[in-house]
Amino acid sequence: MNGPAIVVEDVAKRFRVYHERNQSLKIALMRGKRANYDEFWALQDIDLQIPQGKTFGLVGHNGSGKSTLLKCLAKILVPDRGRITANGKISALLELGAGFHAELSGRDNVYLNGSILGLTKRDIDARFDDIVGFAGLEQFIDSPVKNYSSGMYVRLGFSVAISVDPDILMVDEVLAVGDEEFQRRCMEKFQEFRDDGRTIVVVSHALGTMRSMCDEVAWLDHGRLLAVGSPSDIVDEYSGSSRHDQVAAADGDTGARWGTGELQVTGVELVHGGGVGGAVRTGEPATFRLTWAAHEPVAKPVFAIDIDTPEGVSVTSTATRDAGPVPDVLEGEGHVDLVVPRLPLLPGTYVVRSWASDVGGLHVYDQRDKVLRFDVAPAPGREQGGLVTLDGAWQPPMRPHAPGR
Amino acid sequence: MSFVSDVREVARSRELLVNLVRRELRSKYKGTALGWAWSLINPLATTAIFTVVFSTVMRVEPPVGVDGLHSYPLFLLCGLLSWNFLTAAVQGGQSVLLDNGNLIKKTYFPRRLLVISHVAAAFVSYLVEMGVLVAVFLVFGVNVLPWTPLVLGLMVLLAVFALGLALLLSVVNVYFRDVAHFVALFMQIWFYATPIIYPISLVEGVQDGQSWAADLPLTTLYQLNPMVGFVESVRDMLYGGQLPPAGPVLYALAFTLVSLWVGNAVFARLQGRLAEEL
């Protein structure tokens with residue numbers, strides 16, 4: 001097939017924000033209108049072509065309109081202006097198992113959900129075993145889904161949705177479901193889809209995944225399309241603009257904090273060539289500077305820094321106890337540096353957790369989740385995807401000394 | 001979108017429609033010990049109650065039917081089953097979009113199917129109940145079998161009428177939630193304004209009598225109710241053993257067409273913003 005999979009022409013979508021939602025006839029008749037509301041444009045002037053057979057990503061802050069656009073593409077929302085033309089069968093994974101009926105068995109729900117997604121009974125008959133097998137629910141398929149665990153529920157929902165065989169698949173942040181094993185199988189399934197030359201439209205906040213998965217990315221901001229282009233360009237530009245996230249994380253939009261408080265971690269900064277803040281590049285020298293304050297003498301404190309991805313995958317965890325000096329006693333204020341000669345992290349967003357404890361690790365003085373959030377910008381000649389660089393070097397291909405055939 | 005393309009859209013999704021109807025039927029009595037028996041127990045219990053109250057205590061005389069048939073319960077059931085279907089289709093149908101909000105917000109399929117499947121599921125119960133009623137007539141020695149095709153035709157017509165109302169109310173109810181309460185009240189009035197528990201001859205009697213309402217053109221007003229045509233025609237055939245007059249049937253047919261057209265047009269107009277309003 002040629003031509004774009006989806007053409008979006010001048011699409012705009014208006015939402016109503018109700019001040020006081022009255023769905024009552026009396027008040028409506030008295031006021032002569034239904035309710036007080038403001039209108040706001042969730043999408044404006046969107047012109048877009050999603051090419052056939054490509055994986056297309058939508059990035060943007062919360063409220064930028066990317067999910068609204070996805071819902072418009074999936075025909076769930078009807079745009080107020082403009083036109084969307086889709087070339088092929090669409091299946092949207094917005095919420096897994098959305099159509100499940102709690103009282104009915106898994107089997108009935110597979111048929112029901114399948115037909116909501118556009119499968120015929122014959123299609124489902126043919127794929128039933130695959131669907132159930134993929135979800136790993138052979139034993140439970142005849143019990144009502146209300147007895148399923150949330151993981152089972154989501155797995156069955158995913159299996160049905162993925163079996164639809166759409167030409168265009170729409171995915172909204174549902175990649176992070178189930179256990180790791182299931183996630184791996186989901187990613188494989190997406191890969192199969194891409195290899196089959198189908199179009200995928202994906203919305204996600206996981207920039208690393210977007211960068212490695214997408215062929216093209218569109219960046220939405222406040223309902224407008226800012227840019228469309230190659231994932232590395234757009235994602236870098238976008239993560240550059242979202243640098244204020246980092247500041248926000250430092251100012252109070254922080255994660256959980258707990259501990260007894262004798263010794264406090266007052267902050268963690270990333271110091272690198274570009275000064276504090278800004279994006280560090282893969283392979284550049286970088287220093288994590290942990291500032292501390294002790295209101296009373298604390299004996300043999302241990303500091304630690306953990307680096308995770310925003311999805312919670314642990315990248316590394318390092319503590320002064322294992323790999324650094326442990327002072328006998330600490331009082332007052334100061335900082336401790338973790339110096340990294342060549343940052344091995346690949347482009348993406350990372351979250352830092354830091355804590356201070358006694359040398360045994362049982363008494364935690366202060367632990368701060370998400371104390372720092374930072375982005376790593378790409379450097380030329382690095383790996384395509386993943387979390388860390390091996391800093392390895394490929395050698396020219398060699399052939400064994402084979403005798404001639 | 002025109003009416004024809006709406007119908008085509010529904011026709012394309014008939015498989016989903018069948019599954020939705022099946023879901024509705026399967027889940028209806030799920031978890032109950034008696035299961036499907038409830039769909040028969042309910043009308044039987046209502047019949048028993050109404051028979052005691054209106055026939056035994058209040059002495060409403062049923063007319064004499066075919067072959068000297070004189071039975072209040074049979075007279076009652078001829079109207080009650082149709083009424084029960086209308087109530088189930090309309091009252092349940094008006095909340096069907098609200099009940100399936102999550103489905104509407106997360107998946108796309110023709111939204112009408114939810115309403116149609118609800119009415120169709122109610123129609124299946126209606127068919128079973130009417131089947132049982134036909135069997136009861138046969139047990140009483142009344143051969144109603146020749147009438148069944150015509151009765152079935154009227155039942156389908158009633159279903160279309162109910163579908164129009166359900167389409168209209170379901171979508172309006174999303175925007176104005178108190179429509180549901182208003183409808184519940186209205187259905188009660190409508191029930192007593194339809195000759196179900198009493199014969200229509202009693203209404204004619206009021207106009208000839210001494211009551212304050214005697215001066216009103218009561219029978220004319222009464223005939224405005226399209227349900228009179230449905231109920232009386234079914235009863236004429238099953239209980240009375242005679243062909244019903246064409247007038248009320250044509251009137252009911254006209255009402256059905258208007259109901260479906262208006263219901264569908266309003267639904268088409270308002271369905272676009274369903275996913276936001278729910």
# chains A, B, ... in the order shown; residues from 1 in each chain; ligands from 1

$ residues_around --residues "Asp391 of chain A" --least-positions-apart "5" --cutoff "12 Å" --atoms "only C-alpha atoms" --output "list in words"
Thr282, Gly283, Glu284, Arg342, Leu343, Pro344, Leu345, Leu346, Gly381, Arg382 and Glu383 of chain A

$ residues_around --residues "segment 249-258 of chain B" --least-positions-apart "2" --cutoff "6 Å" --atoms "only C-alpha atoms" --output "ChimeraX atom specification"
/B:161,226,229,246-247,260-262

$ interface_residues --of "chain B" --to "chain A" --cutoff "12 Å" --atoms "only C-alpha atoms" --output "PyMOL selection string"
chain B and resi 12-32+99-111+113-114+172-182+269-278

$ residues_around --residues "Leu290 of chain A" --least-positions-apart "2" --cutoff "6 Å" --atoms "only C-alpha atoms" --output "list in words"
Gly267, Val268, His335 and Val336 of chain A

$ select_by_dssp --residues "segment 88-187 of chain A" --states "alpha helix (DSSP H)" --output "ChimeraX atom specification"
/A:106-116,121-135,150-162,180-187

$ atom_distance --atom1 "atom CA of Pro325 of chain A" --atom2 "atom CA of Asp337 of chain A"
11.2 Å

$ select_by_dssp --residues "segment 128-236 of chain A" --states "strand (DSSP E)" --output "number ranges by chain"
A: 168-172, 199-203, 216-221, 224-229

$ atom_distance --atom1 "atom CA of Ile50 of chain A" --atom2 "atom CA of Leu207 of chain A"
19.4 Å

$ decode --residues "segment 295-309 of chain A" --atoms "all heavy atoms" --output "compact mmCIF listing (two decimals), in the first residue's frame"
# COMPACT_ATOMS: atom_id res chain seq x y z
N HIS A 295 22.78 18.03 62.01
CA HIS A 295 22.51 18.94 63.13
C HIS A 295 23.22 18.50 64.40
O HIS A 295 23.31 19.24 65.34
CB HIS A 295 21.01 19.02 63.37
CG HIS A 295 20.29 19.40 62.12
ND1 HIS A 295 20.53 20.58 61.46
CD2 HIS A 295 19.38 18.73 61.36
CE1 HIS A 295 19.78 20.64 60.37
NE2 HIS A 295 19.09 19.52 60.29
N GLU A 296 23.70 17.30 64.40
CA GLU A 296 24.44 16.79 65.56
C GLU A 296 25.50 15.86 65.00
O GLU A 296 25.40 15.44 63.85
CB GLU A 296 23.48 16.03 66.49
CG GLU A 296 22.70 14.94 65.78
CD GLU A 296 21.60 14.37 66.67
OE1 GLU A 296 20.51 14.98 66.76
OE2 GLU A 296 21.84 13.31 67.26
N PRO A 297 26.52 15.54 65.79
CA PRO A 297 27.55 14.65 65.26
C PRO A 297 26.97 13.28 64.91
O PRO A 297 26.21 12.71 65.71
CB PRO A 297 28.56 14.52 66.42
CG PRO A 297 28.24 15.66 67.32
CD PRO A 297 26.81 15.99 67.15
N VAL A 298 27.27 12.83 63.73
CA VAL A 298 26.78 11.52 63.30
C VAL A 298 27.99 10.64 62.99
O VAL A 298 28.87 11.03 62.22
CB VAL A 298 25.89 11.65 62.02
CG1 VAL A 298 25.47 10.28 61.53
CG2 VAL A 298 24.69 12.53 62.30
N ALA A 299 28.01 9.47 63.59
CA ALA A 299 29.17 8.59 63.43
C ALA A 299 29.02 7.69 62.23
O ALA A 299 27.96 7.11 62.01
CB ALA A 299 29.36 7.76 64.70
N LYS A 300 30.10 7.59 61.49
CA LYS A 300 30.20 6.67 60.36
C LYS A 300 28.99 6.66 59.45
O LYS A 300 28.32 5.64 59.27
CB LYS A 300 30.47 5.23 60.88
CG LYS A 300 31.87 5.05 61.42
CD LYS A 300 32.15 3.59 61.67
CE LYS A 300 33.52 3.37 62.29
NZ LYS A 300 34.65 3.59 61.40
N PRO A 301 28.69 7.85 58.85
CA PRO A 301 27.54 7.87 57.94
C PRO A 301 27.90 7.31 56.56
O PRO A 301 29.06 7.37 56.15
CB PRO A 301 27.21 9.36 57.84
CG PRO A 301 28.51 10.03 58.05
CD PRO A 301 29.36 9.16 58.95
N VAL A 302 26.88 6.80 55.92
CA VAL A 302 27.04 6.27 54.56
C VAL A 302 26.10 7.04 53.64
O VAL A 302 24.93 7.26 54.00
CB VAL A 302 26.70 4.75 54.53
CG1 VAL A 302 26.59 4.26 53.09
CG2 VAL A 302 27.73 3.95 55.29
N PHE A 303 26.60 7.48 52.50
CA PHE A 303 25.75 8.14 51.51
C PHE A 303 25.58 7.22 50.31
O PHE A 303 26.50 6.46 49.98
CB PHE A 303 26.38 9.45 51.03
CG PHE A 303 26.45 10.50 52.10
CD1 PHE A 303 27.66 10.79 52.72
CD2 PHE A 303 25.32 11.17 52.50
CE1 PHE A 303 27.73 11.75 53.71
CE2 PHE A 303 25.39 12.15 53.50
CZ PHE A 303 26.60 12.43 54.11
N ALA A 304 24.43 7.34 49.68
CA ALA A 304 24.21 6.49 48.52
C ALA A 304 23.44 7.22 47.44
O ALA A 304 22.68 8.16 47.72
CB ALA A 304 23.45 5.23 48.92
N ILE A 305 23.68 6.84 46.22
CA ILE A 305 22.94 7.39 45.08
C ILE A 305 22.45 6.21 44.23
O ILE A 305 23.23 5.33 43.88
CB ILE A 305 23.83 8.32 44.25
CG1 ILE A 305 23.94 9.67 44.96
CG2 ILE A 305 23.28 8.50 42.84
CD1 ILE A 305 24.82 10.66 44.27
N ASP A 306 21.13 6.21 43.97
CA ASP A 306 20.57 5.20 43.08
C ASP A 306 20.08 5.91 41.83
O ASP A 306 19.49 6.99 41.93
CB ASP A 306 19.33 4.52 43.70
CG ASP A 306 19.67 3.78 44.97
OD1 ASP A 306 20.86 3.62 45.27
OD2 ASP A 306 18.71 3.40 45.67
N ILE A 307 20.30 5.33 40.69
CA ILE A 307 19.77 5.91 39.45
C ILE A 307 18.78 4.92 38.84
O ILE A 307 19.09 3.74 38.66
CB ILE A 307 20.91 6.22 38.46
CG1 ILE A 307 21.87 7.23 39.10
CG2 ILE A 307 20.35 6.77 37.15
CD1 ILE A 307 23.06 7.59 38.24
N ASP A 308 17.59 5.43 38.58
CA ASP A 308 16.52 4.62 37.98
C ASP A 308 16.04 5.29 36.70
O ASP A 308 16.26 6.48 36.51
CB ASP A 308 15.31 4.53 38.92
CG ASP A 308 15.60 3.75 40.18
OD1 ASP A 308 16.67 3.12 40.25
OD2 ASP A 308 14.76 3.79 41.10
N THR A 309 15.34 4.52 35.88
CA THR A 309 14.60 5.15 34.79
C THR A 309 13.27 5.62 35.37
O THR A 309 12.86 5.15 36.44
CB THR A 309 14.32 4.16 33.65
OG1 THR A 309 13.40 3.19 34.15
CG2 THR A 309 15.59 3.50 33.18
